[in-house]
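Take a look at the structure below.
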Amino acid sequence: LLIALLTDFGPGSVFVGQVKAVLENLCPGVRTLDLCHDIEPGEPLEIVGEGAFLLERSVRYFPQRTVFLCVVDPGVGTARRVLFAEVDGRSFVGPDNGLLAPVIDAGAEVRVTSVEDVRLHLSPRSETFHGRDVFAPLAAHVAMGRRPEGRMLDPADLVRLDAPPAGASRGTVRKIDRWGNLLTDVVPDDGRGRIDRVIVGGRPVAGFVRTFGVARAGEPFITRGGLGTIEVACRDASASAALGIGRGAPVEVIYQPREVRSIS
Amino acid sequence: LLIALLTDFGPGSVFVGQVKAVLENLCPGVRTLDLCHDIEPGEPLEIVGEGAFLLERSVRYFPQRTVFLCVVDPGVGTARRVLFAEVDGRSFVGPDNGLLAPVIDAGAEVRVTSVEDVRLHLSPRSETFHGRDVFAPLAAHVAMGRRPEGRMLDPADLVRLDAPPAGASRGTVRKIDRWGNLLTDVVPDDGRGRIDRVIVGGRPVAGFVRTFGVARAGEPFITRGGLGTIEVACRDASASAALGIGRGAPVEVIYQPREVRSIS
Amino acid sequence: LLIALLTDFGPGSVFVGQVKAVLENLCPGVRTLDLCHDIEPGEPLEIVGEGAFLLERSVRYFPQRTVFLCVVDPGVGTARRVLFAEVDGRSFVGPDNGLLAPVIDAGAEVRVTSVEDVRLHLSPRSETFHGRDVFAPLAAHVAMGRRPEGRMLDPADLVRLDAPPAGASRGTVRKIDRWGNLLTDVVPDDGRGRIDRVIVGGRPVAGFVRTFGVARAGEPFITRGGLGTIEVACRDASASAALGIGRGAPVEVIYQPREVRSIS
């Protein structure tokens, strides 16, 4: 019985604290795991995009039967749907704004419901904090082994953000981490050989390096980051500051041409 | 058996870590819940005021029998009293500097003790970190079902900060949240009808909006925030930066005049 | 069964979240305690030095049998060794870069192993995130009561940073805390009497004060900080900003001369 929390409420914030209080109140003894709370404020598409990216890159490390409470919800209080998704044995609760879509799209066995049962909501219900008053009670309900009532949805009808299909070489800078690394959503395609360079926000960066400690200090380089995707980094410095590039920038990965083997 | 922690030690800081280590050491297996650790440094009255506000707005979401370990304590090591308060089935440990006063004042069944039993303190005891050496051992003691010895206090004799009585229309900006919203301690009085405008730090803001997603981007507005109080916000931007107003600013809420129903 | 986490991954970051997911997956129901995640980015020697300092100052507060998962690892993916250390009943997992050395050096019963068993690693294993793929599985293994195979090391052969021996009066500013206090690694030597002044980063600071609340606002002073070491602070302000001094600066503590008792 584990509820993983992904929000943009800020580490150590009272908003996370109140959500956990509600979970504990409804589901005494529940265990929670803070997956991520440090998504930076910004444009709605960028914050939801970062949340969706981090969620999709993390789910594989969690046990089966984990319940994910996902609240990156700039549209709180508006008409966006409240989703309950079951994906390959794990459960997800969150708004229908693109946050859950990459996980759902990557799943084999998928069942998605739009939950409209207001009896689960806290009363009174705030219109500006559904994380506490709508999503947390729903996650507690699910964690107790109940399945919320709702309307079945065709996954094709969910709200989606731009996300690169498997094998794509174009994508987006989804996160600037605390060291200033640019984390993209492009998974390197090992079948295509060595990476020659990337174009990120219009700027070329060359030189793939296996890990930070073998790079030259102060010079941006390409690596495969901890989330398994292409990352542009700078040893002991911020690549974001060095390149002047932030979250949301487009990225293209260019592989080295294969040698042509001539028969003659 | 749950200890909720409210401090200004900073998220992920070693100070929170050491407090939790002490709790675990004295009370093996204890469960803790991080209510809040991100109160920003600043003037003592403002940081205690923020802590008092966040605590009072959060207690209702917690189970009965929760123990609250509250350490926002700029007077650490000076003569301020160490409080143990029982309020409607919940327990609170913290300094007598105004931090616990709003919760105590809102309680029905209240019992407050000044704890002077130094046998509970860690030894050696730091004079600059009573959160770990004085308050944590006291909270562990309480969590184990013991009642610390001390001198009964009349709640009227506690240190108090300015806090608006129920129904007041004047108050204070208690917190700037991570999005730059101004969180005030004024609870809207629905019996008085619609809010016309607020004056915050001398600046008028008009226009009450139900939630963020229906506001105009870049224009400050009034809403009822997630903590149930009047909030001045700015969609996708910082209201604090836009208005040049920070924590501690005075706020007044002005309601629309009622229509006069004439009989003729 | 408790795993304490010390990292520089950032509070509330997805990197901490993924590490905890791996621990939960390998060791269902494991309890974790966040000792520290907020070490600021910077020079490798400074970030490892801060981690080593915070760890050594914290271990005493933890129960016996705690497992410490310590990942401040700028050399991730390079040839540095992976350590498993047993020190006086507690266990430590981390890179051989100086992070564990002060704890090991302070121990009475010590046993250190270089762990080379790749069967414990997650597969696939990232070259840039060994916290998740190498150290977390190792900590889970240890938490389950198993002892990893490896090569016994002589503690004298470990990588060491500069750390002051007990009784030394010279050391280093190891951390700037969130209030701007300068935390040094010099433990005051009470046997030498009163502290007269410190020289920190070449600047003299005079005046030892017992705790913050009795200092003059705005004037840097010396105190014994919460971690038990000499600290340079400034009431209600940042000593680091006031003095222009940051992490890594050298510090010297100068005691008052003893009165000479003449016989005549």
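FYI, nothing fancy with the structure tokens labels: chains A, B, ... in order, residues from 1 per chain, ligands from 1 as they appear.
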
Mind listing as a compact mmCIF listing (two decimals) with C-alpha atoms, in the first residue's frame which residues of chain C are within 8 Å of chain A, counting only C-alpha atoms?
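Contents of out-v4.txt, freshly written:
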# COMPACT_ATOMS: atom_id res chain seq x y z
CA PHE C 9 20.11 15.60 -5.48
CA GLY C 10 17.95 18.48 -4.24
CA PRO C 11 14.93 18.39 -1.94
CA GLY C 12 11.83 17.01 -3.58
CA SER C 13 13.74 16.04 -6.71
CA VAL C 14 12.85 13.15 -8.97
CA VAL C 16 15.55 11.21 -4.67
CA GLY C 17 12.15 9.83 -5.69
CA GLN C 18 13.65 7.25 -8.02
CA LYS C 20 13.35 5.59 -2.93
CA ALA C 21 11.35 3.68 -5.53
CA VAL C 22 14.28 1.31 -6.07
CA GLU C 24 10.96 0.05 -1.96
CA ASN C 25 11.03 -2.29 -4.93
CA PRO C 41 26.07 22.52 -6.47
CA GLY C 42 29.64 23.71 -6.82
CA GLU C 43 33.24 22.52 -6.87
CA PRO C 44 33.56 18.75 -6.33
CA PRO C 74 30.77 14.07 -8.76
CA GLY C 75 32.93 11.20 -10.08
CA VAL C 76 29.91 9.03 -10.97
CA GLY C 77 30.75 6.52 -13.67
CA THR C 78 34.54 6.91 -13.27
CA SER C 126 23.14 4.31 -16.15
CA GLU C 127 26.66 5.74 -16.15
CA THR C 128 25.40 9.06 -14.77
CA PHE C 129 23.08 7.93 -11.95

Find the residues near A:Phe92: any atom within 9 Å, counting only C-alpha atoms, skip ones fewer than 2 places away on the same chain, and give them as number ranges by chain. A: 66-70, 83-87, 90, 94, 100, 139

Quick one: pick out all strand (DSSP E) residues within stretch 86-183 of chain C from a backbone DSSP run and write them as a short mmCIF file (atom, residue, chain, number, x, y, z; two decimals) with all heavy atoms, in the first residue's frame.
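Now in part00.cif:
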data_model
loop_
_atom_site.label_atom_id
_atom_site.label_comp_id
_atom_site.auth_asym_id
_atom_site.auth_seq_id
_atom_site.Cartn_x
_atom_site.Cartn_y
_atom_site.Cartn_z
N GLU C 86 31.31 -0.66 7.77
CA GLU C 86 30.62 -0.91 9.04
C GLU C 86 31.39 -0.18 10.13
O GLU C 86 32.60 -0.39 10.28
CB GLU C 86 30.56 -2.40 9.33
CG GLU C 86 29.71 -3.16 8.32
CD GLU C 86 30.01 -4.65 8.31
OE1 GLU C 86 31.09 -5.03 7.80
OE2 GLU C 86 29.18 -5.42 8.82
N VAL C 87 30.71 0.71 10.83
CA VAL C 87 31.37 1.54 11.84
C VAL C 87 30.53 1.49 13.12
O VAL C 87 29.44 2.07 13.17
CB VAL C 87 31.51 3.01 11.35
CG1 VAL C 87 32.27 3.84 12.38
CG2 VAL C 87 32.19 3.08 10.00
N ARG C 90 26.81 0.67 12.80
CA ARG C 90 26.03 1.28 11.72
C ARG C 90 26.70 0.96 10.38
O ARG C 90 27.90 0.67 10.33
CB ARG C 90 25.95 2.80 11.91
CG ARG C 90 25.28 3.21 13.23
CD ARG C 90 25.08 4.72 13.32
NE ARG C 90 24.49 5.13 14.57
CZ ARG C 90 25.18 5.53 15.66
NH1 ARG C 90 26.50 5.56 15.63
NH2 ARG C 90 24.56 5.90 16.76
N SER C 91 25.93 1.01 9.30
CA SER C 91 26.46 0.66 7.97
C SER C 91 26.39 1.87 7.04
O SER C 91 25.45 2.66 7.12
CB SER C 91 25.63 -0.47 7.36
OG SER C 91 25.72 -1.63 8.16
N PHE C 92 27.37 1.96 6.16
CA PHE C 92 27.47 3.09 5.25
C PHE C 92 27.77 2.60 3.85
O PHE C 92 28.65 1.75 3.68
CB PHE C 92 28.58 4.05 5.70
CG PHE C 92 28.33 4.63 7.07
CD1 PHE C 92 28.66 3.91 8.22
CD2 PHE C 92 27.72 5.86 7.21
CE1 PHE C 92 28.41 4.43 9.48
CE2 PHE C 92 27.46 6.39 8.48
CZ PHE C 92 27.80 5.66 9.61
N VAL C 93 27.08 3.17 2.88
CA VAL C 93 27.30 2.86 1.48
C VAL C 93 27.58 4.19 0.78
O VAL C 93 26.85 5.16 1.01
CB VAL C 93 26.04 2.18 0.90
CG1 VAL C 93 26.03 2.22 -0.61
CG2 VAL C 93 25.94 0.74 1.43
N GLY C 94 28.62 4.25 -0.04
CA GLY C 94 28.92 5.50 -0.74
C GLY C 94 30.19 5.39 -1.54
O GLY C 94 30.90 4.37 -1.47
N PRO C 95 30.49 6.43 -2.32
CA PRO C 95 31.70 6.41 -3.15
C PRO C 95 32.94 6.68 -2.30
O PRO C 95 32.86 7.33 -1.26
CB PRO C 95 31.47 7.57 -4.13
CG PRO C 95 30.57 8.51 -3.40
CD PRO C 95 29.70 7.67 -2.51
N VAL C 110 35.80 -0.74 12.99
CA VAL C 110 35.62 -0.34 11.60
C VAL C 110 35.98 -1.49 10.67
O VAL C 110 36.98 -2.19 10.89
CB VAL C 110 36.51 0.88 11.28
CG1 VAL C 110 36.49 1.20 9.80
CG2 VAL C 110 36.09 2.09 12.09
N ARG C 111 35.17 -1.65 9.64
CA ARG C 111 35.44 -2.66 8.61
C ARG C 111 34.99 -2.06 7.29
O ARG C 111 33.84 -1.65 7.15
CB ARG C 111 34.61 -3.91 8.94
CG ARG C 111 34.98 -5.15 8.15
CD ARG C 111 34.19 -6.35 8.71
NE ARG C 111 34.35 -7.51 7.86
CZ ARG C 111 33.69 -7.70 6.70
NH1 ARG C 111 32.83 -6.82 6.28
NH2 ARG C 111 33.91 -8.81 5.99
N VAL C 112 35.91 -1.96 6.34
CA VAL C 112 35.59 -1.31 5.06
C VAL C 112 35.85 -2.26 3.91
O VAL C 112 36.89 -2.92 3.86
CB VAL C 112 36.42 -0.02 4.85
CG1 VAL C 112 35.97 0.72 3.60
CG2 VAL C 112 36.32 0.90 6.06
N THR C 113 34.90 -2.32 3.00
CA THR C 113 34.99 -3.21 1.85
C THR C 113 34.81 -2.40 0.57
O THR C 113 33.99 -1.49 0.52
CB THR C 113 33.86 -4.27 1.92
OG1 THR C 113 33.90 -4.88 3.20
CG2 THR C 113 34.01 -5.32 0.85
N SER C 114 35.58 -2.76 -0.45
CA SER C 114 35.34 -2.25 -1.80
C SER C 114 34.44 -3.25 -2.52
O SER C 114 34.82 -4.41 -2.69
CB SER C 114 36.68 -2.09 -2.53
OG SER C 114 36.46 -1.82 -3.89
N ARG C 151 36.32 -6.66 -1.52
CA ARG C 151 37.71 -6.73 -1.11
C ARG C 151 37.89 -5.86 0.13
O ARG C 151 37.52 -4.69 0.13
CB ARG C 151 38.58 -6.20 -2.26
CG ARG C 151 40.05 -6.50 -2.17
CD ARG C 151 40.69 -6.38 -3.57
NE ARG C 151 40.22 -5.21 -4.27
CZ ARG C 151 40.70 -3.97 -4.07
NH1 ARG C 151 41.68 -3.78 -3.22
NH2 ARG C 151 40.22 -2.94 -4.74
N MET C 152 38.40 -6.44 1.22
CA MET C 152 38.65 -5.69 2.44
C MET C 152 39.67 -4.59 2.17
O MET C 152 40.67 -4.82 1.49
CB MET C 152 39.23 -6.63 3.51
CG MET C 152 38.21 -7.50 4.18
SD MET C 152 37.25 -6.59 5.44
CE MET C 152 38.55 -6.33 6.67
N LEU C 153 39.43 -3.42 2.70
CA LEU C 153 40.35 -2.30 2.52
C LEU C 153 40.94 -1.90 3.86
O LEU C 153 40.28 -1.98 4.90
CB LEU C 153 39.63 -1.09 1.93
CG LEU C 153 39.05 -1.22 0.53
CD1 LEU C 153 38.35 0.08 0.15
CD2 LEU C 153 40.13 -1.55 -0.48
N ARG C 170 42.21 25.21 13.33
CA ARG C 170 42.05 25.64 11.94
C ARG C 170 41.15 24.66 11.20
O ARG C 170 41.20 23.46 11.44
CB ARG C 170 43.40 25.67 11.22
CG ARG C 170 44.31 26.79 11.68
CD ARG C 170 45.72 26.58 11.13
NE ARG C 170 46.65 27.55 11.69
CZ ARG C 170 46.90 28.73 11.14
NH1 ARG C 170 46.30 29.09 10.01
NH2 ARG C 170 47.75 29.56 11.73
N GLY C 171 40.35 25.18 10.31
CA GLY C 171 39.46 24.33 9.53
C GLY C 171 38.91 25.07 8.34
O GLY C 171 39.58 25.96 7.79
N THR C 172 37.70 24.73 7.94
CA THR C 172 37.13 25.19 6.69
C THR C 172 35.65 25.52 6.89
O THR C 172 34.97 24.87 7.68
CB THR C 172 37.25 24.06 5.63
OG1 THR C 172 38.62 23.68 5.51
CG2 THR C 172 36.71 24.47 4.27
N VAL C 173 35.15 26.52 6.16
CA VAL C 173 33.70 26.76 6.09
C VAL C 173 33.12 25.65 5.23
O VAL C 173 33.41 25.57 4.03
CB VAL C 173 33.39 28.14 5.50
CG1 VAL C 173 31.88 28.30 5.29
CG2 VAL C 173 33.92 29.24 6.41
N ARG C 174 32.33 24.79 5.84
CA ARG C 174 31.84 23.62 5.12
C ARG C 174 30.46 23.83 4.50
O ARG C 174 30.09 23.13 3.56
CB ARG C 174 31.78 22.41 6.08
CG ARG C 174 33.13 21.84 6.42
CD ARG C 174 33.84 21.36 5.19
NE ARG C 174 35.16 20.80 5.50
CZ ARG C 174 36.07 20.53 4.57
NH1 ARG C 174 35.82 20.77 3.29
NH2 ARG C 174 37.23 20.05 4.90
N LYS C 175 29.70 24.74 5.07
CA LYS C 175 28.34 24.93 4.57
C LYS C 175 27.88 26.36 4.84
O LYS C 175 28.18 26.92 5.89
CB LYS C 175 27.38 23.98 5.30
CG LYS C 175 25.94 24.08 4.82
CD LYS C 175 25.01 23.16 5.59
CE LYS C 175 23.59 23.27 5.06
NZ LYS C 175 23.44 22.80 3.67
N ILE C 176 27.18 26.93 3.85
CA ILE C 176 26.41 28.16 4.08
C ILE C 176 24.96 27.70 4.24
O ILE C 176 24.40 27.11 3.31
CB ILE C 176 26.53 29.12 2.89
CG1 ILE C 176 27.99 29.33 2.49
CG2 ILE C 176 25.83 30.43 3.20
CD1 ILE C 176 28.86 29.93 3.56
N LEU C 182 27.77 30.82 8.37
CA LEU C 182 28.95 30.08 7.92
C LEU C 182 29.22 28.96 8.91
O LEU C 182 29.64 29.21 10.04
CB LEU C 182 30.18 31.00 7.88
CG LEU C 182 30.04 32.36 7.17
CD1 LEU C 182 31.34 33.16 7.34
CD2 LEU C 182 29.75 32.16 5.69
N LEU C 183 28.99 27.73 8.48
CA LEU C 183 29.21 26.58 9.36
C LEU C 183 30.59 26.01 9.11
O LEU C 183 30.89 25.56 8.01
CB LEU C 183 28.15 25.49 9.09
CG LEU C 183 26.79 25.67 9.77
CD1 LEU C 183 26.13 26.98 9.38
CD2 LEU C 183 25.88 24.50 9.43
#

With only C-alpha atoms as the basis for distance, which of C:Asp88, C:Val251, C:Gly218, C:Ala242 is at the shortest distance from C:Ala108? C:Asp88

Work out how far apart atom CA of B:Arg216 and atom CA of B:Ile254 are and give it in Å to one decimal.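 Taking atom CA of B:Arg216 as the start and atom CA of B:Ile254 as the end point, the length is 21.5 Å.
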
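With atom CA of B:Leu158 on one side and atom CA of B:Val82 on the other, the separation reads 11.0 Å.
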
My list of candidates is B:Ala168, B:Ala241, B:Ala217, B:Ala101. Which is closest to B:Val253 when distances are computed with only C-alpha atoms? B:Ala168

Write out as a PyMOL selection string the set of residues from stretch 74-128 of chain B that DSSP, computed on the backbone, places in alpha helix (DSSP H). chain B and resi 101-106

Just to confirm, what's the straight-line distance from atom CA of A:Pro102 to atom CA of A:Glu56 in Å (one decimal)? 6.1 Å
